[in-house]
file start00.cif (mmCIF, C-alpha atoms)
data_model
#
loop_
_atom_site.label_atom_id
_atom_site.label_comp_id
_atom_site.auth_asym_id
_atom_site.auth_seq_id
_atom_site.Cartn_x
_atom_site.Cartn_y
_atom_site.Cartn_z
CA MET A 265 9.49 30.28 11.06
CA LYS A 266 12.34 27.79 11.56
CA LEU A 267 9.94 24.84 11.71
CA ARG A 268 8.19 25.93 8.51
CA ARG A 269 11.55 26.31 6.75
CA ARG A 270 12.65 22.86 8.01
CA VAL A 271 9.45 21.25 6.76
CA LEU A 272 9.75 22.96 3.39
CA ASN A 273 13.40 21.91 3.03
CA GLN A 274 12.56 18.32 3.89
CA LEU A 275 9.73 18.28 1.35
CA LEU A 276 11.93 19.75 -1.36
CA LEU A 277 14.67 17.24 -0.59
CA GLY A 278 12.21 14.36 -0.57
CA GLY A 279 12.86 13.36 3.04
CA ALA A 280 10.50 12.48 5.81
CA VAL A 281 9.34 15.66 7.47
CA PHE A 282 9.67 14.47 11.04
CA GLY A 283 11.76 11.35 10.51
CA VAL A 284 8.95 8.88 11.23
CA SER A 285 9.50 5.73 9.19
CA ALA A 286 12.57 6.97 7.33
CA ALA A 287 14.95 4.65 9.19
CA HIS A 288 12.63 1.64 8.88
CA ALA A 289 12.05 2.31 5.18
CA ALA A 290 15.78 1.99 4.60
CA THR A 291 15.92 -1.38 6.42
CA LEU A 292 12.94 -3.12 4.78
CA GLN A 293 14.42 -5.30 2.01
CA VAL A 294 13.34 -7.81 -0.60
CA GLY A 295 13.52 -11.30 0.92
CA GLN A 296 12.57 -10.21 4.44
CA ALA A 297 9.40 -11.37 6.13
CA ALA A 298 6.60 -8.92 5.42
CA PRO A 299 5.58 -7.01 8.56
CA ASP A 300 2.42 -8.52 10.00
CA PHE A 301 -0.81 -6.58 10.43
CA VAL A 302 -4.30 -6.97 11.85
CA LEU A 303 -6.68 -4.32 10.47
CA PRO A 304 -10.38 -3.88 9.66
CA ASP A 305 -11.52 -3.82 6.05
CA GLN A 306 -14.30 -1.75 4.49
CA ASP A 307 -16.91 -4.24 5.76
CA GLY A 308 -15.56 -4.24 9.33
CA LYS A 309 -14.00 -7.70 8.91
CA THR A 310 -10.63 -8.13 10.64
CA ARG A 311 -7.89 -9.03 8.18
CA GLN A 312 -4.30 -10.11 8.79
CA LEU A 313 -1.31 -10.93 6.64
CA ALA A 314 -1.74 -14.66 7.31
CA ASP A 315 -5.12 -14.56 5.48
CA TRP A 316 -3.18 -14.51 2.22
CA ARG A 317 -0.52 -17.10 3.07
CA GLY A 318 -0.02 -19.39 0.06
CA LYS A 319 -0.93 -16.62 -2.43
CA TRP A 320 0.91 -13.71 -3.92
CA LEU A 321 -0.24 -10.52 -2.24
CA VAL A 322 -0.16 -7.07 -3.81
CA LEU A 323 -0.26 -4.75 -0.81
CA TYR A 324 -0.62 -1.21 -2.03
CA PHE A 325 -0.57 1.87 0.16
CA TYR A 326 -2.38 4.99 -1.03
CA PRO A 327 -2.91 8.47 0.43
CA LYS A 328 -6.68 9.08 0.44
CA ASN A 329 -9.93 7.51 -0.68
CA ASP A 330 -11.77 9.07 -3.61
CA THR A 331 -9.00 11.36 -4.85
CA PRO A 332 -7.93 11.35 -8.53
CA GLY A 333 -4.66 9.39 -8.27
CA CYS A 334 -5.97 6.95 -5.69
CA THR A 335 -9.14 6.34 -7.69
CA THR A 336 -7.14 5.71 -10.87
CA GLU A 337 -4.86 3.26 -9.11
CA ALA A 338 -7.75 1.38 -7.45
CA CYS A 339 -9.79 1.20 -10.67
CA ASN A 340 -6.79 -0.10 -12.62
CA PHE A 341 -6.34 -2.88 -10.06
CA ARG A 342 -10.08 -3.55 -10.32
CA ASP A 343 -9.87 -3.74 -14.12
CA ASP A 344 -6.93 -6.18 -13.90
CA TRP A 345 -8.55 -8.17 -11.06
CA LEU A 346 -9.27 -11.34 -13.06
CA LEU A 347 -5.79 -11.35 -14.57
CA LEU A 348 -4.23 -10.90 -11.15
CA GLN A 349 -6.32 -13.77 -9.78
CA GLU A 350 -5.16 -15.99 -12.67
CA LEU A 351 -1.61 -15.20 -11.56
CA GLY A 352 -2.49 -16.42 -8.06
CA ALA A 353 -2.44 -12.94 -6.56
CA ALA A 354 -4.73 -11.05 -4.22
CA VAL A 355 -4.86 -7.26 -4.01
CA VAL A 356 -5.26 -5.28 -0.80
CA GLY A 357 -5.35 -1.49 -0.54
CA LEU A 358 -4.26 0.21 2.66
CA SER A 359 -4.63 3.82 3.74
CA VAL A 360 -4.77 5.84 6.94
CA ASP A 361 -8.06 7.37 5.83
CA THR A 362 -11.18 7.19 8.00
CA SER A 363 -12.81 3.78 8.08
CA ALA A 364 -16.19 5.27 7.17
CA SER A 365 -14.86 6.37 3.78
CA TYR A 366 -13.63 2.89 2.76
CA ALA A 367 -17.04 1.30 2.26
CA ALA A 368 -18.30 4.20 0.17
CA PHE A 369 -15.11 4.25 -1.93
CA ALA A 370 -15.19 0.48 -2.54
CA GLN A 371 -18.89 0.52 -3.39
CA LYS A 372 -18.73 3.59 -5.64
CA TYR A 373 -16.01 2.05 -7.83
CA LYS A 374 -17.07 -1.61 -7.40
CA LEU A 375 -13.71 -2.63 -5.98
CA PRO A 376 -13.55 -6.43 -5.60
CA PHE A 377 -10.68 -6.42 -3.11
CA PRO A 378 -10.34 -5.38 0.54
CA LEU A 379 -9.37 -1.88 1.62
CA LEU A 380 -7.79 -1.82 5.06
CA ALA A 381 -8.09 1.03 7.55
CA ASP A 382 -4.77 1.79 9.23
CA ALA A 383 -6.20 4.68 11.27
CA LYS A 384 -3.10 5.12 13.46
CA GLY A 385 -0.64 4.66 10.60
CA GLU A 386 1.23 1.91 12.45
CA VAL A 387 1.27 -0.60 9.59
CA ALA A 388 2.21 2.07 7.03
CA ALA A 389 5.08 3.06 9.34
CA ARG A 390 6.33 -0.55 9.58
CA TYR A 391 6.45 -0.70 5.79
CA GLY A 392 8.13 2.72 5.56
CA ALA A 393 5.07 4.09 3.75
CA LEU A 394 3.93 6.74 6.22
CA SER A 395 4.23 10.50 6.00
CA ASP A 396 3.64 11.93 9.45
CA TRP A 397 3.19 15.68 9.82
CA LEU A 398 2.19 15.35 13.48
CA VAL A 399 -1.27 16.86 12.87
CA TYR A 400 -1.86 14.97 9.60
CA LYS A 401 -0.74 11.50 8.53
CA PHE A 402 -1.08 9.87 5.16
CA ALA A 403 0.18 6.75 3.46
CA LYS A 404 2.70 7.25 0.70
CA ARG A 405 1.79 5.73 -2.66
CA GLN A 406 3.94 2.59 -2.41
CA THR A 407 3.38 -1.09 -3.15
CA PHE A 408 4.81 -4.37 -1.90
CA ILE A 409 4.46 -7.77 -3.51
CA VAL A 410 4.51 -10.43 -0.83
CA ASP A 411 5.28 -14.00 -1.95
CA PRO A 412 3.21 -17.05 -0.92
CA GLN A 413 5.60 -17.69 2.02
CA GLY A 414 5.07 -14.19 3.41
CA ARG A 415 8.36 -12.64 2.25
CA ILE A 416 8.69 -9.37 0.41
CA ALA A 417 9.32 -10.11 -3.26
CA ARG A 418 9.21 -6.56 -4.68
CA ILE A 419 9.13 -3.04 -3.32
CA TYR A 420 7.83 -0.06 -5.30
CA ARG A 421 8.72 3.22 -3.61
CA SER A 422 7.77 5.31 -6.65
CA VAL A 423 4.42 4.55 -8.26
CA ASP A 424 2.70 5.95 -11.36
CA SER A 425 -1.05 5.46 -10.75
CA ASP A 426 -1.80 5.15 -14.46
CA LYS A 427 0.70 2.37 -15.19
CA HIS A 428 1.18 0.63 -11.86
CA SER A 429 -1.32 -2.22 -12.21
CA ALA A 430 0.18 -3.24 -15.58
CA GLU A 431 3.64 -3.07 -14.00
CA ILE A 432 2.48 -5.37 -11.18
CA VAL A 433 1.00 -7.88 -13.66
CA ALA A 434 4.26 -7.99 -15.65
CA ASP A 435 6.36 -8.36 -12.50
CA LEU A 436 4.13 -11.12 -11.10
CA ARG A 437 4.56 -13.07 -14.33
CA GLN A 438 8.31 -12.70 -13.98
CA LEU A 439 8.33 -13.65 -10.30
CA ARG A 440 6.22 -16.73 -10.93
CA GLN A 441 8.54 -17.90 -13.74
CA ALA A 442 11.57 -17.49 -11.48
CA ARG A 443 10.14 -19.97 -8.95
#
call {"tool": "encode", "arguments": {"input": "start00.cif", "output": "structure tokens"}}
result
Amino acid sequence: MKLRRRVLNQLLLGGAVFGVSAAHAATLQVGQAAPDFVLPDQDGKTRQLADWRGKWLVLYFYPKNDTPGCTTEACNFRDDWLLLQELGAAVVGLSVDTSASYAAFAQKYKLPFPLLADAKGEVAARYGALSDWLVYKFAKRQTFIVDPQGRIARIYRSVDSDKHSAEIVADLRQLRQAR
């Protein structure tokens, strides 16, 4: 009973249920080097942060493949894909979902960008984007813009799936003008 009450209180207060990633989330700041990763994509190809060195990278974390909010967010990035490329940006989605579901999700919605499988949630935790309930882990809907030098340029801890891609486009224009 006490554990259930503690979990409920943490959820209502917006905190991390078991404290995983809460401390790191507070320390990750704009201007810091983006945490590195090496993960498989939906085609089984190994991807790492260095693959996008020299480009802007929109690294978005999402809870689960083929759910309404995650599908909306992915399709909006897909629809803005050419515009994002014109801005010199690549898009990468990352979730702790099963790797088998990535290929089907990407194919079903014709997603032109990689989806990375963070099965253990380690990368999401390094970015402070992991909810860990011990028996169930999921990535929080958060996004990071990484600059061409590999530093974090923007952090979005609260994301509206419907408007997020447009927000990213506007912010990339601003970031590029500031350079």
call {"tool": "closest_residue", "arguments": {"input": "start00.cif", "among": "A:Ile409, A:Val360, A:Val423, A:Ala368", "to": "Ser395 of chain A", "atoms": "all atoms listed in the file"}}
result
A:Val360
call {"tool": "atom_distance", "arguments": {"input": "start00.cif", "atom1": "atom CA of Leu436 of chain A", "atom2": "atom CA of Gln413 of chain A"}}
result
14.7 Å
call {"tool": "closest_residue", "arguments": {"input": "start00.cif", "among": "A:Val355, A:Ala381, A:Leu347, A:Val322", "to": "Arg418 of chain A", "atoms": "only C-alpha atoms"}}
result
A:Val322
call {"tool": "atom_distance", "arguments": {"input": "start00.cif", "atom1": "atom CA of Phe301 of chain A", "atom2": "atom CA of Pro327 of chain A"}}
result
18.2 Å
call {"tool": "resolve_selection", "arguments": {"input": "start00.cif", "expression": "the PyMOL selection byres ((chain A and resi 351) around 12)", "output": "VMD selection string"}}
result
chain A and resid 319 to 322 344 to 350 352 to 355 411 to 412 432 to 441
call {"tool": "resolve_selection", "arguments": {"input": "start00.cif", "expression": "the PyMOL selection byres ((chain A and resi 385) around 12)", "output": "ChimeraX atom specification"}}
result
/A:284-285,301,303,325-327,358-362,380-384,386-398,400-404
call {"tool": "closest_residue", "arguments": {"input": "start00.cif", "among": "A:Leu313, A:Val410, A:Leu375, A:Ile416", "to": "Gln293 of chain A", "atoms": "only C-alpha atoms"}}
result
A:Ile416
call {"tool": "resolve_selection", "arguments": {"input": "start00.cif", "expression": "the PyMOL selection byres ((chain A and resi 334-340) around 9)", "output": "ChimeraX atom specification"}}
result
/A:326-333,341-345,357,369-370,373-375,405,424-430
call {"tool": "atom_distance", "arguments": {"input": "start00.cif", "atom1": "atom CA of Gly414 of chain A", "atom2": "atom CA of Ala314 of chain A"}}
result
7.9 Å
call {"tool": "axis_aligned_box", "arguments": {"input": "start00.cif", "around": "segment 311-329 of chain A", "padding_each_side": "5 Å", "output": "AutoDock Vina command-line options"}}
result
--center_x -4.5 --center_y -5.2 --center_z 2.4 --size_x 20.8 --size_y 38.5 --size_z 22.7
call {"tool": "closest_residue", "arguments": {"input": "start00.cif", "among": "A:Asp315, A:Asp300, A:Glu431, A:Asp305", "to": "Phe377 of chain A", "atoms": "only C-alpha atoms"}}
result
A:Asp305
call {"tool": "closest_residue", "arguments": {"input": "start00.cif", "among": "A:Gln312, A:Gln306, A:Ser422, A:Gln406", "to": "Tyr366 of chain A", "atoms": "all atoms listed in the file"}}
result
A:Gln306
call {"tool": "closest_residue", "arguments": {"input": "start00.cif", "among": "A:Tyr420, A:Trp316, A:Thr310, A:Arg415", "to": "Val294 of chain A", "atoms": "all atoms listed in the file"}}
result
A:Arg415
call {"tool": "decode", "arguments": {"input": "start00.cif", "residues": "segment 352-395 of chain A", "atoms": "N, CA and C atoms", "output": "PDB file, in the first residue's frame"}}
result
ATOM      1  N   GLY A 352      19.714  22.067 -42.740  1.00  0.00           N
ATOM      2  CA  GLY A 352      20.935  21.353 -42.368  1.00  0.00           C
ATOM      3  C   GLY A 352      20.759  20.429 -41.187  1.00  0.00           C
ATOM      4  N   ALA A 353      19.523  19.977 -40.967  1.00  0.00           N
ATOM      5  CA  ALA A 353      19.237  19.156 -39.795  1.00  0.00           C
ATOM      6  C   ALA A 353      18.839  17.738 -40.187  1.00  0.00           C
ATOM      7  N   ALA A 354      19.210  16.812 -39.336  1.00  0.00           N
ATOM      8  CA  ALA A 354      18.765  15.429 -39.423  1.00  0.00           C
ATOM      9  C   ALA A 354      17.836  15.179 -38.239  1.00  0.00           C
ATOM     10  N   VAL A 355      16.934  14.233 -38.395  1.00  0.00           N
ATOM     11  CA  VAL A 355      15.999  13.862 -37.338  1.00  0.00           C
ATOM     12  C   VAL A 355      16.250  12.409 -36.971  1.00  0.00           C
ATOM     13  N   VAL A 356      16.246  12.131 -35.682  1.00  0.00           N
ATOM     14  CA  VAL A 356      16.402  10.767 -35.180  1.00  0.00           C
ATOM     15  C   VAL A 356      15.417  10.579 -34.036  1.00  0.00           C
ATOM     16  N   GLY A 357      14.593   9.535 -34.129  1.00  0.00           N
ATOM     17  CA  GLY A 357      13.680   9.187 -33.056  1.00  0.00           C
ATOM     18  C   GLY A 357      14.298   8.107 -32.191  1.00  0.00           C
ATOM     19  N   LEU A 358      14.016   8.141 -30.910  1.00  0.00           N
ATOM     20  CA  LEU A 358      14.598   7.175 -29.982  1.00  0.00           C
ATOM     21  C   LEU A 358      13.557   6.771 -28.951  1.00  0.00           C
ATOM     22  N   SER A 359      13.406   5.469 -28.768  1.00  0.00           N
ATOM     23  CA  SER A 359      12.456   4.941 -27.804  1.00  0.00           C
ATOM     24  C   SER A 359      13.041   3.688 -27.167  1.00  0.00           C
ATOM     25  N   VAL A 360      12.448   3.246 -26.079  1.00  0.00           N
ATOM     26  CA  VAL A 360      12.881   2.009 -25.450  1.00  0.00           C
ATOM     27  C   VAL A 360      11.963   0.861 -25.849  1.00  0.00           C
ATOM     28  N   ASP A 361      11.224   1.050 -26.913  1.00  0.00           N
ATOM     29  CA  ASP A 361      10.329   0.036 -27.448  1.00  0.00           C
ATOM     30  C   ASP A 361      11.126  -1.151 -27.987  1.00  0.00           C
ATOM     31  N   THR A 362      10.457  -2.228 -28.329  1.00  0.00           N
ATOM     32  CA  THR A 362      11.133  -3.395 -28.878  1.00  0.00           C
ATOM     33  C   THR A 362      11.650  -3.096 -30.280  1.00  0.00           C
ATOM     34  N   SER A 363      12.813  -3.596 -30.594  1.00  0.00           N
ATOM     35  CA  SER A 363      13.418  -3.312 -31.892  1.00  0.00           C
ATOM     36  C   SER A 363      12.587  -3.849 -33.046  1.00  0.00           C
ATOM     37  N   ALA A 364      11.831  -4.914 -32.836  1.00  0.00           N
ATOM     38  CA  ALA A 364      10.999  -5.471 -33.900  1.00  0.00           C
ATOM     39  C   ALA A 364       9.911  -4.491 -34.335  1.00  0.00           C
ATOM     40  N   SER A 365       9.446  -3.656 -33.433  1.00  0.00           N
ATOM     41  CA  SER A 365       8.357  -2.735 -33.767  1.00  0.00           C
ATOM     42  C   SER A 365       8.830  -1.511 -34.557  1.00  0.00           C
ATOM     43  N   TYR A 366      10.126  -1.213 -34.540  1.00  0.00           N
ATOM     44  CA  TYR A 366      10.630  -0.014 -35.219  1.00  0.00           C
ATOM     45  C   TYR A 366      10.473  -0.098 -36.725  1.00  0.00           C
ATOM     46  N   ALA A 367      10.857  -1.218 -37.308  1.00  0.00           N
ATOM     47  CA  ALA A 367      10.792  -1.367 -38.765  1.00  0.00           C
ATOM     48  C   ALA A 367       9.356  -1.255 -39.247  1.00  0.00           C
ATOM     49  N   ALA A 368       8.434  -1.899 -38.559  1.00  0.00           N
ATOM     50  CA  ALA A 368       7.030  -1.838 -38.957  1.00  0.00           C
ATOM     51  C   ALA A 368       6.483  -0.415 -38.832  1.00  0.00           C
ATOM     52  N   PHE A 369       6.833   0.261 -37.751  1.00  0.00           N
ATOM     53  CA  PHE A 369       6.378   1.638 -37.526  1.00  0.00           C
ATOM     54  C   PHE A 369       6.925   2.566 -38.608  1.00  0.00           C
ATOM     55  N   ALA A 370       8.210   2.475 -38.891  1.00  0.00           N
ATOM     56  CA  ALA A 370       8.836   3.328 -39.911  1.00  0.00           C
ATOM     57  C   ALA A 370       8.256   3.046 -41.294  1.00  0.00           C
ATOM     58  N   GLN A 371       8.029   1.796 -41.601  1.00  0.00           N
ATOM     59  CA  GLN A 371       7.489   1.438 -42.912  1.00  0.00           C
ATOM     60  C   GLN A 371       6.032   1.864 -43.046  1.00  0.00           C
ATOM     61  N   LYS A 372       5.247   1.616 -42.027  1.00  0.00           N
ATOM     62  CA  LYS A 372       3.812   1.944 -42.055  1.00  0.00           C
ATOM     63  C   LYS A 372       3.580   3.428 -42.331  1.00  0.00           C
ATOM     64  N   TYR A 373       4.406   4.290 -41.734  1.00  0.00           N
ATOM     65  CA  TYR A 373       4.210   5.739 -41.871  1.00  0.00           C
ATOM     66  C   TYR A 373       5.237   6.394 -42.794  1.00  0.00           C
ATOM     67  N   LYS A 374       6.022   5.562 -43.494  1.00  0.00           N
ATOM     68  CA  LYS A 374       7.013   6.050 -44.464  1.00  0.00           C
ATOM     69  C   LYS A 374       7.929   7.108 -43.846  1.00  0.00           C
ATOM     70  N   LEU A 375       8.501   6.769 -42.711  1.00  0.00           N
ATOM     71  CA  LEU A 375       9.384   7.691 -42.001  1.00  0.00           C
ATOM     72  C   LEU A 375      10.765   7.674 -42.667  1.00  0.00           C
ATOM     73  N   PRO A 376      11.257   8.838 -43.096  1.00  0.00           N
ATOM     74  CA  PRO A 376      12.527   8.887 -43.821  1.00  0.00           C
ATOM     75  C   PRO A 376      13.757   9.022 -42.922  1.00  0.00           C
ATOM     76  N   PHE A 377      13.577   8.931 -41.638  1.00  0.00           N
ATOM     77  CA  PHE A 377      14.677   9.126 -40.691  1.00  0.00           C
ATOM     78  C   PHE A 377      14.809   7.906 -39.792  1.00  0.00           C
ATOM     79  N   PRO A 378      15.985   7.733 -39.184  1.00  0.00           N
ATOM     80  CA  PRO A 378      16.214   6.565 -38.333  1.00  0.00           C
ATOM     81  C   PRO A 378      15.439   6.623 -37.014  1.00  0.00           C
ATOM     82  N   LEU A 379      15.022   5.447 -36.584  1.00  0.00           N
ATOM     83  CA  LEU A 379      14.441   5.244 -35.259  1.00  0.00           C
ATOM     84  C   LEU A 379      15.392   4.316 -34.525  1.00  0.00           C
ATOM     85  N   LEU A 380      15.857   4.746 -33.369  1.00  0.00           N
ATOM     86  CA  LEU A 380      16.864   3.977 -32.629  1.00  0.00           C
ATOM     87  C   LEU A 380      16.232   3.222 -31.469  1.00  0.00           C
ATOM     88  N   ALA A 381      16.684   1.989 -31.288  1.00  0.00           N
ATOM     89  CA  ALA A 381      16.180   1.125 -30.230  1.00  0.00           C
ATOM     90  C   ALA A 381      17.104   1.199 -29.013  1.00  0.00           C
ATOM     91  N   ASP A 382      16.628   1.817 -27.969  1.00  0.00           N
ATOM     92  CA  ASP A 382      17.355   1.929 -26.706  1.00  0.00           C
ATOM     93  C   ASP A 382      16.726   0.949 -25.716  1.00  0.00           C
ATOM     94  N   ALA A 383      16.847  -0.341 -26.015  1.00  0.00           N
ATOM     95  CA  ALA A 383      16.126  -1.389 -25.289  1.00  0.00           C
ATOM     96  C   ALA A 383      16.342  -1.348 -23.773  1.00  0.00           C
ATOM     97  N   LYS A 384      17.530  -1.004 -23.329  1.00  0.00           N
ATOM     98  CA  LYS A 384      17.813  -0.964 -21.889  1.00  0.00           C
ATOM     99  C   LYS A 384      17.515   0.400 -21.269  1.00  0.00           C
ATOM    100  N   GLY A 385      17.230   1.392 -22.095  1.00  0.00           N
ATOM    101  CA  GLY A 385      16.918   2.722 -21.580  1.00  0.00           C
ATOM    102  C   GLY A 385      18.130   3.510 -21.126  1.00  0.00           C
ATOM    103  N   GLU A 386      19.331   3.048 -21.440  1.00  0.00           N
ATOM    104  CA  GLU A 386      20.542   3.703 -20.955  1.00  0.00           C
ATOM    105  C   GLU A 386      20.752   5.081 -21.573  1.00  0.00           C
ATOM    106  N   VAL A 387      20.491   5.219 -22.860  1.00  0.00           N
ATOM    107  CA  VAL A 387      20.677   6.515 -23.514  1.00  0.00           C
ATOM    108  C   VAL A 387      19.598   7.489 -23.036  1.00  0.00           C
ATOM    109  N   ALA A 388      18.363   7.032 -22.968  1.00  0.00           N
ATOM    110  CA  ALA A 388      17.287   7.887 -22.451  1.00  0.00           C
ATOM    111  C   ALA A 388      17.626   8.367 -21.040  1.00  0.00           C
ATOM    112  N   ALA A 389      18.196   7.501 -20.221  1.00  0.00           N
ATOM    113  CA  ALA A 389      18.577   7.890 -18.860  1.00  0.00           C
ATOM    114  C   ALA A 389      19.662   8.963 -18.883  1.00  0.00           C
ATOM    115  N   ARG A 390      20.650   8.834 -19.770  1.00  0.00           N
ATOM    116  CA  ARG A 390      21.728   9.839 -19.845  1.00  0.00           C
ATOM    117  C   ARG A 390      21.202  11.203 -20.261  1.00  0.00           C
ATOM    118  N   TYR A 391      20.126  11.216 -21.026  1.00  0.00           N
ATOM    119  CA  TYR A 391      19.521  12.480 -21.441  1.00  0.00           C
ATOM    120  C   TYR A 391      18.444  12.949 -20.460  1.00  0.00           C
ATOM    121  N   GLY A 392      18.190  12.171 -19.415  1.00  0.00           N
ATOM    122  CA  GLY A 392      17.152  12.532 -18.452  1.00  0.00           C
ATOM    123  C   GLY A 392      15.761  12.329 -19.006  1.00  0.00           C
ATOM    124  N   ALA A 393      15.621  11.444 -19.985  1.00  0.00           N
ATOM    125  CA  ALA A 393      14.343  11.229 -20.660  1.00  0.00           C
ATOM    126  C   ALA A 393      13.794   9.830 -20.423  1.00  0.00           C
ATOM    127  N   LEU A 394      14.081   9.249 -19.269  1.00  0.00           N
ATOM    128  CA  LEU A 394      13.617   7.903 -18.985  1.00  0.00           C
ATOM    129  C   LEU A 394      12.695   7.891 -17.779  1.00  0.00           C
ATOM    130  N   SER A 395      11.566   7.227 -17.935  1.00  0.00           N
ATOM    131  CA  SER A 395      10.699   6.907 -16.801  1.00  0.00           C
ATOM    132  C   SER A 395      10.898   5.435 -16.528  1.00  0.00           C
TER     133      SER A 395
END
